[in-house]
file entry28.tsv (TSV, C-alpha atoms)
chain	number	residue	atom	x	y	z
A	238	MET	CA	231.89	-115.29	38.77
A	239	ARG	CA	232.88	-116.23	42.27
A	240	ARG	CA	229.89	-114.41	43.68
A	241	PHE	CA	227.57	-117.00	42.08
A	242	VAL	CA	229.24	-119.98	43.71
A	243	TRP	CA	227.47	-119.75	47.05
A	244	PRO	CA	223.95	-119.16	45.74
A	245	LEU	CA	224.48	-122.03	43.29
A	246	LEU	CA	225.61	-124.37	46.06
A	247	VAL	CA	222.63	-123.40	48.21
A	248	PHE	CA	220.32	-123.92	45.25
A	249	LEU	CA	221.77	-127.36	44.49
A	250	ALA	CA	221.49	-128.39	48.13
A	251	LEU	CA	217.84	-127.33	48.12
A	252	VAL	CA	217.19	-129.26	44.89
A	253	GLY	CA	218.77	-132.33	46.46
A	254	LEU	CA	216.70	-132.00	49.62
A	255	LEU	CA	213.40	-131.47	47.81
A	256	GLY	CA	214.23	-134.18	45.30
A	257	ALA	CA	214.80	-136.65	48.12
A	258	GLY	CA	211.51	-135.55	49.67
A	259	LEU	CA	209.68	-136.27	46.43
A	260	GLN	CA	210.83	-139.90	46.52
A	261	ARG	CA	208.98	-140.50	49.75
A	262	ASP	CA	205.39	-141.63	49.99
A	263	PRO	CA	203.41	-139.07	51.99
A	264	ARG	CA	200.73	-141.66	52.73
A	265	ASP	CA	203.19	-143.85	54.56
A	266	VAL	CA	202.93	-142.45	58.06
A	267	PRO	CA	205.19	-144.27	60.51
A	268	SER	CA	203.03	-145.93	63.11
A	269	PRO	CA	203.80	-145.24	66.75
A	270	LEU	CA	202.42	-148.69	67.50
A	271	VAL	CA	205.38	-150.55	66.01
A	272	GLY	CA	207.35	-151.83	68.99
A	273	ARG	CA	204.37	-151.49	71.32
A	274	ALA	CA	201.88	-154.01	72.55
A	275	ALA	CA	199.17	-154.73	70.03
A	276	PRO	CA	195.69	-153.60	71.06
A	277	THR	CA	193.63	-156.35	72.59
A	278	PHE	CA	190.25	-157.31	71.19
A	279	GLU	CA	187.51	-159.83	71.39
A	280	LEU	CA	185.41	-159.86	68.26
A	281	PRO	CA	182.80	-162.13	66.68
A	282	LEU	CA	184.12	-164.52	64.08
A	283	LEU	CA	182.92	-164.18	60.55
A	284	ALA	CA	180.78	-167.07	59.36
A	285	ALA	CA	180.28	-168.49	62.81
A	286	ALA	CA	177.04	-170.41	63.07
A	287	PRO	CA	174.34	-167.96	64.20
A	288	ALA	CA	173.36	-170.22	67.10
A	289	THR	CA	176.86	-170.12	68.58
A	290	PRO	CA	178.14	-166.58	68.53
A	291	ALA	CA	181.80	-167.54	68.64
A	292	THR	CA	184.38	-164.87	69.21
A	293	LEU	CA	188.11	-164.68	68.87
A	294	SER	CA	190.15	-162.78	71.39
A	295	SER	CA	193.66	-161.50	70.83
A	296	GLN	CA	194.53	-163.13	74.14
A	297	SER	CA	194.08	-166.59	72.63
A	298	LEU	CA	196.84	-165.79	70.11
A	299	ARG	CA	199.37	-164.95	72.77
A	300	GLY	CA	202.56	-166.96	72.65
A	301	GLN	CA	202.58	-167.28	68.91
A	302	VAL	CA	203.57	-165.10	66.03
A	303	TRP	CA	200.64	-164.01	63.93
A	304	VAL	CA	199.72	-161.68	61.14
A	305	VAL	CA	196.64	-159.54	61.07
A	306	ASN	CA	195.36	-158.20	57.78
A	307	VAL	CA	192.75	-155.46	57.82
A	308	TRP	CA	190.40	-155.78	54.86
A	309	ALA	CA	186.87	-155.12	53.66
A	310	SER	CA	184.74	-156.23	50.77
A	311	TRP	CA	184.22	-152.60	49.76
A	312	CYS	CA	187.95	-152.03	49.52
A	313	VAL	CA	189.19	-152.15	45.94
A	314	ALA	CA	192.87	-152.29	46.86
A	315	CYS	CA	192.18	-155.39	48.97
A	316	GLN	CA	191.17	-157.21	45.83
A	317	ALA	CA	194.45	-156.31	44.19
A	318	GLU	CA	196.30	-157.43	47.30
A	319	HIS	CA	194.46	-160.71	47.68
A	320	PRO	CA	196.63	-163.02	45.53
A	321	VAL	CA	199.71	-161.74	47.37
A	322	LEU	CA	198.04	-162.40	50.68
A	323	ILE	CA	197.06	-165.93	49.67
A	324	ASP	CA	200.69	-166.50	48.76
A	325	LEU	CA	201.85	-165.06	52.06
A	326	ALA	CA	199.44	-167.25	54.05
A	327	ARG	CA	200.78	-170.30	52.24
A	328	GLN	CA	204.41	-169.43	52.93
A	329	ALA	CA	204.14	-167.79	56.32
A	330	GLY	CA	203.59	-170.83	58.51
A	331	VAL	CA	201.94	-168.58	61.09
A	332	PRO	CA	198.26	-167.75	61.41
A	333	VAL	CA	197.01	-164.91	59.27
A	334	ILE	CA	193.97	-163.38	60.91
A	335	GLY	CA	191.58	-161.25	58.90
A	336	LEU	CA	190.15	-158.15	60.52
A	337	ASN	CA	187.05	-157.42	58.51
A	338	TYR	CA	186.84	-153.66	58.92
A	339	LYS	CA	183.49	-151.83	58.79
A	340	ASP	CA	181.86	-154.39	56.59
A	341	GLN	CA	178.65	-156.38	56.30
A	342	PRO	CA	179.14	-160.03	57.30
A	343	ALA	CA	177.20	-161.30	54.31
A	344	ALA	CA	179.18	-159.20	51.86
A	345	ALA	CA	182.43	-160.23	53.52
A	346	SER	CA	181.59	-163.95	53.36
A	347	ALA	CA	180.58	-163.67	49.73
A	348	TRP	CA	183.81	-161.84	48.94
A	349	LEU	CA	185.91	-164.55	50.55
A	350	ALA	CA	183.95	-167.27	48.74
A	351	ARG	CA	184.67	-165.53	45.46
A	352	HIS	CA	188.30	-164.59	45.89
A	353	GLY	CA	189.54	-167.35	48.18
A	354	ASN	CA	190.11	-167.34	51.90
A	355	PRO	CA	193.69	-167.01	53.10
A	356	TYR	CA	192.73	-166.39	56.71
A	357	ARG	CA	193.01	-168.82	59.58
A	358	ALA	CA	190.09	-166.89	61.01
A	359	THR	CA	188.33	-163.64	60.27
A	360	VAL	CA	186.86	-161.41	62.92
A	361	GLN	CA	184.26	-158.73	62.33
A	362	ASP	CA	185.06	-155.20	63.33
A	363	SER	CA	181.78	-153.77	62.12
A	364	ALA	CA	182.06	-150.53	64.06
A	365	GLY	CA	185.74	-150.06	63.27
A	366	ARG	CA	186.63	-149.82	66.95
A	367	VAL	CA	189.51	-152.27	66.89
A	368	GLY	CA	190.70	-150.77	63.63
A	369	LEU	CA	190.86	-147.43	65.39
A	370	ASP	CA	192.92	-148.96	68.19
A	371	PHE	CA	195.33	-150.33	65.59
A	372	GLY	CA	195.58	-146.87	64.04
A	373	VAL	CA	194.09	-148.05	60.76
A	374	TYR	CA	193.61	-145.23	58.30
A	375	GLY	CA	193.83	-146.90	54.95
A	376	VAL	CA	192.58	-150.38	54.22
A	377	PRO	CA	194.27	-152.75	53.56
A	378	GLU	CA	196.82	-152.78	56.33
A	379	THR	CA	198.91	-155.64	57.61
A	380	TYR	CA	200.58	-156.11	60.98
A	381	VAL	CA	203.02	-158.70	62.28
A	382	ILE	CA	202.68	-159.46	65.97
A	383	ASP	CA	205.27	-161.44	67.90
A	384	ARG	CA	204.99	-164.00	70.69
A	385	ALA	CA	204.92	-161.32	73.35
A	386	GLY	CA	202.02	-159.56	71.63
A	387	VAL	CA	204.16	-156.70	70.34
A	388	ILE	CA	203.57	-155.22	66.90
A	389	ARG	CA	206.78	-155.69	64.94
A	390	LEU	CA	205.78	-154.46	61.53
A	391	LYS	CA	203.05	-152.43	59.94
A	392	HIS	CA	202.42	-152.30	56.23
A	393	THR	CA	199.95	-149.69	55.06
A	394	GLY	CA	198.25	-150.26	51.74
A	395	PRO	CA	198.19	-153.36	49.60
A	396	LEU	CA	200.97	-155.87	50.20
A	397	THR	CA	203.24	-156.23	47.22
A	398	PRO	CA	205.27	-159.36	46.40
A	399	GLU	CA	208.41	-157.30	47.09
A	400	ALA	CA	207.17	-156.22	50.52
A	401	VAL	CA	206.32	-159.81	51.38
A	402	GLN	CA	209.65	-161.19	50.19
A	403	GLN	CA	211.82	-158.42	51.58
A	404	ARG	CA	210.11	-157.44	54.79
A	405	VAL	CA	207.33	-159.72	55.97
A	406	LEU	CA	208.74	-163.20	55.36
A	407	PRO	CA	212.25	-162.41	56.66
A	408	LEU	CA	210.71	-161.00	59.82
A	409	LEU	CA	208.47	-164.02	60.25
A	410	ARG	CA	211.44	-166.34	59.80
A	411	GLU	CA	213.32	-164.39	62.42
A	412	LEU	CA	210.43	-164.35	64.90
A	413	ALA	CA	209.23	-167.89	64.33
A	414	PRO	CA	212.16	-169.95	63.08
A	415	GLY	CA	211.10	-173.22	61.59
A	416	ALA	CA	207.52	-172.12	61.08
A	417	GLY	CA	207.90	-171.13	57.43
B	168	MET	CA	166.31	-158.33	59.49
B	169	ALA	CA	169.95	-157.32	59.48
B	170	ALA	CA	169.05	-154.20	57.52
B	171	GLY	CA	166.44	-153.33	60.10
B	172	ARG	CA	168.95	-153.71	62.88
B	173	ILE	CA	171.42	-151.53	61.08
B	174	ARG	CA	168.80	-148.89	60.44
B	175	ARG	CA	167.84	-148.91	64.09
B	176	ALA	CA	171.47	-148.65	65.10
B	177	ALA	CA	171.98	-145.78	62.66
B	178	LEU	CA	168.91	-143.98	63.97
B	179	LEU	CA	170.08	-144.48	67.51
B	180	THR	CA	173.52	-143.13	66.63
B	181	VAL	CA	172.03	-140.08	64.94
B	182	ALA	CA	169.69	-139.54	67.86
B	183	LEU	CA	172.52	-139.84	70.36
B	184	TRP	CA	174.66	-137.54	68.30
B	185	ALA	CA	171.93	-134.95	67.87
B	186	GLY	CA	170.99	-135.33	71.53
B	187	ALA	CA	174.55	-134.80	72.64
B	188	ALA	CA	174.87	-131.79	70.35
B	189	LEU	CA	171.70	-130.26	71.73
B	190	ALA	CA	172.40	-131.17	75.30
B	191	ASP	CA	175.82	-129.65	75.66
B	192	PRO	CA	176.99	-126.81	73.43
B	193	ALA	CA	180.17	-126.43	75.49
B	194	LEU	CA	181.13	-130.02	74.78
B	195	ASP	CA	180.27	-129.43	71.16
B	196	ALA	CA	182.64	-126.50	70.99
B	197	ARG	CA	185.42	-128.48	72.63
B	198	ALA	CA	184.94	-131.39	70.22
B	199	GLN	CA	184.99	-128.97	67.29
B	200	ALA	CA	188.13	-127.24	68.56
B	201	LEU	CA	189.88	-130.57	69.05
B	202	GLY	CA	188.82	-131.74	65.61
B	203	GLU	CA	190.37	-128.63	64.11
B	204	GLN	CA	193.73	-129.45	65.70
B	205	LEU	CA	193.86	-132.97	64.34
B	206	ARG	CA	194.81	-134.12	60.89
B	207	CYS	CA	192.63	-136.51	58.97
B	208	LEU	CA	194.98	-139.27	57.84
B	209	VAL	CA	192.97	-140.12	54.77
B	210	CYS	CA	192.96	-136.67	53.23
B	211	GLN	CA	196.08	-135.38	54.85
B	212	ASN	CA	195.58	-131.68	54.28
B	213	GLU	CA	192.23	-131.56	55.97
B	214	THR	CA	191.39	-131.48	59.62
B	215	VAL	CA	189.31	-134.11	61.32
B	216	ALA	CA	186.68	-131.41	61.82
B	217	ALA	CA	186.51	-130.47	58.14
B	218	SER	CA	186.96	-133.81	56.41
B	219	HIS	CA	184.14	-135.91	55.05
B	220	ALA	CA	186.24	-139.06	55.02
B	221	GLU	CA	184.76	-141.93	56.94
B	222	LEU	CA	187.76	-142.12	59.21
B	223	ALA	CA	187.29	-138.47	60.13
B	224	GLN	CA	183.65	-139.14	60.99
B	225	ASP	CA	184.72	-142.02	63.22
B	226	LEU	CA	187.34	-139.86	64.89
B	227	ARG	CA	184.83	-137.06	65.47
B	228	ALA	CA	182.48	-139.57	67.08
B	229	GLN	CA	185.39	-140.87	69.14
B	230	ILE	CA	186.36	-137.38	70.30
B	231	ARG	CA	182.81	-136.58	71.27
B	232	GLU	CA	182.36	-139.85	73.09
B	233	GLN	CA	185.55	-139.43	75.07
B	234	LEU	CA	184.77	-135.84	76.00
B	235	ALA	CA	181.29	-136.89	77.07
B	236	ALA	CA	182.92	-139.55	79.25
B	237	GLY	CA	184.80	-136.78	81.04
B	238	ARG	CA	188.22	-137.05	79.43
B	239	SER	CA	190.29	-133.92	79.10
B	240	ASP	CA	191.35	-132.39	75.78
B	241	ALA	CA	194.92	-133.48	76.42
B	242	GLU	CA	193.82	-137.05	77.05
B	243	VAL	CA	191.94	-137.15	73.77
B	244	ARG	CA	194.96	-135.74	71.94
B	245	ASP	CA	197.18	-138.36	73.56
B	246	PHE	CA	194.73	-141.05	72.50
B	247	MET	CA	195.09	-139.95	68.88
B	248	VAL	CA	198.87	-139.57	69.04
B	249	ALA	CA	199.19	-143.05	70.53
B	250	ARG	CA	197.44	-144.47	67.48
B	251	TYR	CA	198.50	-142.30	64.58
B	252	GLY	CA	201.70	-140.66	65.79
B	253	GLU	CA	202.51	-136.98	66.13
B	254	PHE	CA	201.61	-136.61	62.48
B	255	VAL	CA	197.96	-136.20	63.52
B	256	LEU	CA	198.77	-133.00	65.36
B	257	TYR	CA	198.60	-129.98	63.13
B	258	ARG	CA	200.71	-128.16	65.68
B	259	PRO	CA	203.68	-130.39	66.37
B	260	PRO	CA	204.91	-130.36	69.97
B	261	TRP	CA	208.26	-128.94	71.02
B	262	SER	CA	210.87	-131.66	71.14
B	263	ALA	CA	214.42	-132.36	70.05
B	264	ARG	CA	213.07	-133.94	66.88
B	265	THR	CA	210.90	-130.96	65.96
B	266	GLY	CA	213.45	-128.31	66.96
B	267	LEU	CA	214.60	-127.78	63.39
B	268	LEU	CA	210.99	-127.52	62.25
B	269	TRP	CA	210.20	-124.80	64.75
B	270	LEU	CA	213.48	-122.91	64.65
B	271	GLY	CA	214.41	-123.48	61.01
B	272	PRO	CA	212.50	-120.51	59.57
B	273	PHE	CA	213.89	-118.17	62.22
B	274	ALA	CA	217.41	-119.46	61.61
B	275	ALA	CA	216.97	-118.87	57.87
B	276	LEU	CA	215.66	-115.37	58.53
B	277	LEU	CA	218.58	-114.60	60.82
B	278	ALA	CA	221.05	-115.89	58.24
B	279	ALA	CA	219.43	-113.76	55.55
B	280	VAL	CA	219.59	-110.66	57.75
B	281	VAL	CA	223.24	-111.27	58.58
B	282	LEU	CA	224.08	-111.72	54.91
B	283	LEU	CA	222.21	-108.55	53.91
B	284	VAL	CA	223.86	-106.48	56.62
B	285	ARG	CA	227.28	-107.70	55.61
B	286	ARG	CA	226.62	-106.97	51.95
B	287	ASN	CA	225.23	-103.50	52.49
B	288	ARG	CA	227.75	-102.32	55.01
B	289	ARG	CA	229.19	-99.00	53.77
B	290	PRO	CA	232.45	-99.36	51.96
B	291	ALA	CA	235.47	-98.18	53.97
B	292	PRO	CA	236.21	-94.42	53.55
B	293	PRO	CA	238.89	-93.81	50.94
B	294	PRO	CA	242.32	-93.21	52.38
B	295	ALA	CA	243.14	-89.57	53.04
B	296	LEU	CA	245.02	-87.82	50.25
B	297	SER	CA	248.66	-87.22	50.73
B	298	GLU	CA	249.88	-83.62	50.72
B	299	ALA	CA	251.34	-83.99	47.22
B	300	ASP	CA	248.15	-85.54	45.79
B	301	TRP	CA	246.06	-82.83	47.36
B	302	ARG	CA	248.10	-80.10	45.78
B	303	ARG	CA	247.98	-81.83	42.42
B	304	ALA	CA	244.20	-82.16	42.59
B	305	GLN	CA	243.91	-78.53	43.50
B	306	ARG	CA	246.01	-77.56	40.56
B	307	LEU	CA	243.94	-79.65	38.16
B	308	LEU	CA	240.73	-78.14	39.44
B	309	ASP	CA	241.99	-74.61	39.26
B	310	GLU	CA	243.21	-74.97	35.71
B	311	PRO	CA	241.10	-72.85	33.40
B	312	ARG	CA	239.18	-74.96	30.94
B	313	SER	CA	240.25	-74.74	27.42
B	314	PRO	CA	237.38	-73.39	25.37
B	315	PRO	CA	235.76	-75.99	23.15
call {"tool": "encode", "arguments": {"input": "entry28.tsv", "output": "structure tokens"}}
result
Amino acid sequence: MRRFVWPLLVFLALVGLLGAGLQRDPRDVPSPLVGRAAPTFELPLLAAAPATPATLSSQSLRGQVWVVNVWASWCVACQAEHPVLIDLARQAGVPVIGLNYKDQPAAASAWLARHGNPYRATVQDSAGRVGLDFGVYGVPETYVIDRAGVIRLKHTGPLTPEAVQQRVLPLLRELAPGAG
Amino acid sequence: MAAGRIRRAALLTVALWAGAALADPALDARAQALGEQLRCLVCQNETVAASHAELAQDLRAQIREQLAAGRSDAEVRDFMVARYGEFVLYRPPWSARTGLLWLGPFAALLAAVVLLVRRNRRPAPPPALSEADWRRAQRLLDEPRSPP
């Protein structure tokens, strides 16, 4: 009987290891950008009057904590996320900027009119260039950027109420005390 | 009007793409080779070169553009790693963090070999017979068998 003890232990260890691996989400790839400076951008604002092609640059947000949410009207998960995002924008006390990723301006505006607009401002990343700089690979994605312009948190996929309550809001309170 | 602009932009992109492909087969081969080393993050078991995901198309365009601008293969790889992490590399680099990944299989093989060798080692030769035992064995062997 004793000869089975070792193989059994090895087997159980393997089961434990693989079982732990199964609990992890393979889509959640840790971003190397967390803790680094956020990519800079200057993009046209959505729904700016056509005569005045206004843009928003990331530089103008320096010195304050802000949240950027990558979304698109073609993205089904964004619709599911939207109520949570509206809630977050209400509670956050910091600007939530929409990055409209690879979308048509008209479709994006219509989508916001229908579902509500939680964004302080929305910029159009029609070509997906800025999204690429942010390492976006699955819309929606949400980033928290601190006063120094450093990405402090990345959430891939739709925000859940739990993620907002447990990760995003506590971080915002820590970074911008008194704002929330 | 917007649709027309988009169509023109699309045509221009296609033309540039086709033009680049025709103009420089060496660059094409490099872009293809790079794409085969990179993981598409949308469909994680496909390479950027093989995937039809939109992100993969963007990344292919990005690779091509950067190569055309004179960047080296390593620079393009670094560009991708800076954005998506080492996960994009199908061949992870050697580092302290990936040591187990690279050496693990060899360590397991070595352990298995050691175990097998130890198990199959010949059993120790039986102790030599004492003089008395030897004589007794001889006697037993020499004894005529009783007929059945």
call {"tool": "atom_distance", "arguments": {"input": "entry28.tsv", "atom1": "atom CA of Pro407 of chain A", "atom2": "atom CA of Cys315 of chain A"}}
result
22.6 Å
call {"tool": "closest_atom_pairs", "arguments": {"input": "entry28.tsv", "of": "chain A", "to": "chain B", "cutoff": "7 Å", "atoms": "only C-alpha atoms", "output": "Markdown table"}}
result
| residue | atom | partner | partner_atom | distance |
| --- | --- | --- | --- | --- |
| A:Ser268 | CA | B:Tyr251 | CA | 6.0 |
| A:Pro269 | CA | B:Gly252 | CA | 5.1 |
| A:Leu270 | CA | B:Arg250 | CA | 6.5 |
| A:Asp370 | CA | B:Arg250 | CA | 6.4 |
| A:Phe371 | CA | B:Arg250 | CA | 6.5 |
| A:Gly372 | CA | B:Arg250 | CA | 4.6 |
| A:Tyr374 | CA | B:Leu208 | CA | 6.1 |
| A:Gly375 | CA | B:Val209 | CA | 6.8 |
call {"tool": "residues_around", "arguments": {"input": "entry28.tsv", "residues": "Asn306 of chain A", "least_positions_apart": "6", "cutoff": "8 Å", "atoms": "all atoms listed in the file", "output": "JSON, numbers by chain"}}
result
{"A": [333, 334, 335, 336, 377, 378, 379, 380]}
call {"tool": "closest_residue", "arguments": {"input": "entry28.tsv", "among": "A:Val376, A:Val360, A:Val405, A:Ile388", "to": "Cys312 of chain A", "atoms": "all atoms listed in the file"}}
result
A:Val376
call {"tool": "residues_around", "arguments": {"input": "entry28.tsv", "residues": "Phe278 of chain A", "least_positions_apart": "3", "cutoff": "9 Å", "atoms": "only C-alpha atoms", "output": "PDB file with C-alpha atoms, keeping the file's coordinate frame"}}
result
ATOM      1  CA  LEU A 293     188.110-164.680  68.870  1.00  0.00           C
ATOM      2  CA  SER A 294     190.150-162.780  71.390  1.00  0.00           C
ATOM      3  CA  SER A 295     193.660-161.500  70.830  1.00  0.00           C
ATOM      4  CA  GLN A 296     194.530-163.130  74.140  1.00  0.00           C
ATOM      5  CA  VAL A 367     189.510-152.270  66.890  1.00  0.00           C
TER       6      VAL A 367
END
call {"tool": "atom_distance", "arguments": {"input": "entry28.tsv", "atom1": "atom CA of Asp362 of chain A", "atom2": "atom CA of Asp340 of chain A"}}
result
7.5 Å
call {"tool": "residues_around", "arguments": {"input": "entry28.tsv", "residues": "Leu268 of chain B", "least_positions_apart": "6", "cutoff": "10 Å", "atoms": "all atoms listed in the file", "output": "list in words"}}
result
Pro259, Trp261 and Ser262 of chain B
call {"tool": "axis_aligned_box", "arguments": {"input": "entry28.tsv", "around": "segment 284-300 of chain B", "padding_each_side": "3 Å", "output": "lines of an AutoDock Vina configuration file"}}
result
center_x = 237.6
center_y = -95.7
center_z = 51.2
size_x = 33.5
size_y = 30.1
size_z = 16.8
call {"tool": "atom_distance", "arguments": {"input": "entry28.tsv", "atom1": "atom CA of Pro263 of chain A", "atom2": "atom CA of Leu396 of chain A"}}
result
17.1 Å
call {"tool": "residues_near_point", "arguments": {"input": "entry28.tsv", "point": "(186.9, -149.9, 57.8)", "cutoff": "6 Å", "atoms": "all atoms listed in the file", "output": "JSON, numbers by chain"}}
result
{"A": [338, 339, 365]}
call {"tool": "residues_around", "arguments": {"input": "entry28.tsv", "residues": "Ala241 of chain B", "least_positions_apart": "6", "cutoff": "12 Å", "atoms": "only C-alpha atoms", "output": "list in words"}}
result
Arg197, Ala198, Leu201, Gln204, Ile230, Gln233, Leu234, Met247, Val248 and Leu256 of chain B
call {"tool": "closest_residue", "arguments": {"input": "entry28.tsv", "among": "A:Pro395, A:Pro281, A:Pro276, A:Gly253", "to": "Trp308 of chain A", "atoms": "only C-alpha atoms"}}
result
A:Pro395
call {"tool": "closest_residue", "arguments": {"input": "entry28.tsv", "among": "B:Leu194, B:Leu283, B:Ala228, B:Ala217", "to": "Ala364 of chain A", "atoms": "only C-alpha atoms"}}
result
B:Ala228
call {"tool": "closest_residue", "arguments": {"input": "entry28.tsv", "among": "B:Arg231, B:Arg306, B:Arg244, B:Arg174", "to": "Tyr257 of chain B", "atoms": "only C-alpha atoms"}}
result
B:Arg244
call {"tool": "residues_near_point", "arguments": {"input": "entry28.tsv", "point": "(211.2, -161.1, 59.9)", "cutoff": "10 Å", "atoms": "only C-alpha atoms", "output": "list in words"}}
result
Val381, Asp383, Arg389, Leu390, Val401, Gln402, Gln403, Arg404, Val405, Leu406, Pro407, Leu408, Leu409, Arg410, Glu411, Leu412, Ala413 and Pro414 of chain A
call {"tool": "write_last_selection", "arguments": {"input": "entry28.tsv", "atoms": "C-alpha atoms", "output": "PDB file, in the frame of the given file"}}
result
ATOM      1  CA  VAL A 381     203.020-158.700  62.280  1.00  0.00           C
ATOM      2  CA  ASP A 383     205.270-161.440  67.900  1.00  0.00           C
ATOM      3  CA  ARG A 389     206.780-155.690  64.940  1.00  0.00           C
ATOM      4  CA  LEU A 390     205.780-154.460  61.530  1.00  0.00           C
ATOM      5  CA  VAL A 401     206.320-159.810  51.380  1.00  0.00           C
ATOM      6  CA  GLN A 402     209.650-161.190  50.190  1.00  0.00           C
ATOM      7  CA  GLN A 403     211.820-158.420  51.580  1.00  0.00           C
ATOM      8  CA  ARG A 404     210.110-157.440  54.790  1.00  0.00           C
ATOM      9  CA  VAL A 405     207.330-159.720  55.970  1.00  0.00           C
ATOM     10  CA  LEU A 406     208.740-163.200  55.360  1.00  0.00           C
ATOM     11  CA  PRO A 407     212.250-162.410  56.660  1.00  0.00           C
ATOM     12  CA  LEU A 408     210.710-161.000  59.820  1.00  0.00           C
ATOM     13  CA  LEU A 409     208.470-164.020  60.250  1.00  0.00           C
ATOM     14  CA  ARG A 410     211.440-166.340  59.800  1.00  0.00           C
ATOM     15  CA  GLU A 411     213.320-164.390  62.420  1.00  0.00           C
ATOM     16  CA  LEU A 412     210.430-164.350  64.900  1.00  0.00           C
ATOM     17  CA  ALA A 413     209.230-167.890  64.330  1.00  0.00           C
ATOM     18  CA  PRO A 414     212.160-169.950  63.080  1.00  0.00           C
TER      19      PRO A 414
END
call {"tool": "closest_residue", "arguments": {"input": "entry28.tsv", "among": "A:Leu255, A:Pro244, A:Val313, A:Thr277", "to": "Leu282 of chain B", "atoms": "all atoms listed in the file"}}
result
A:Pro244
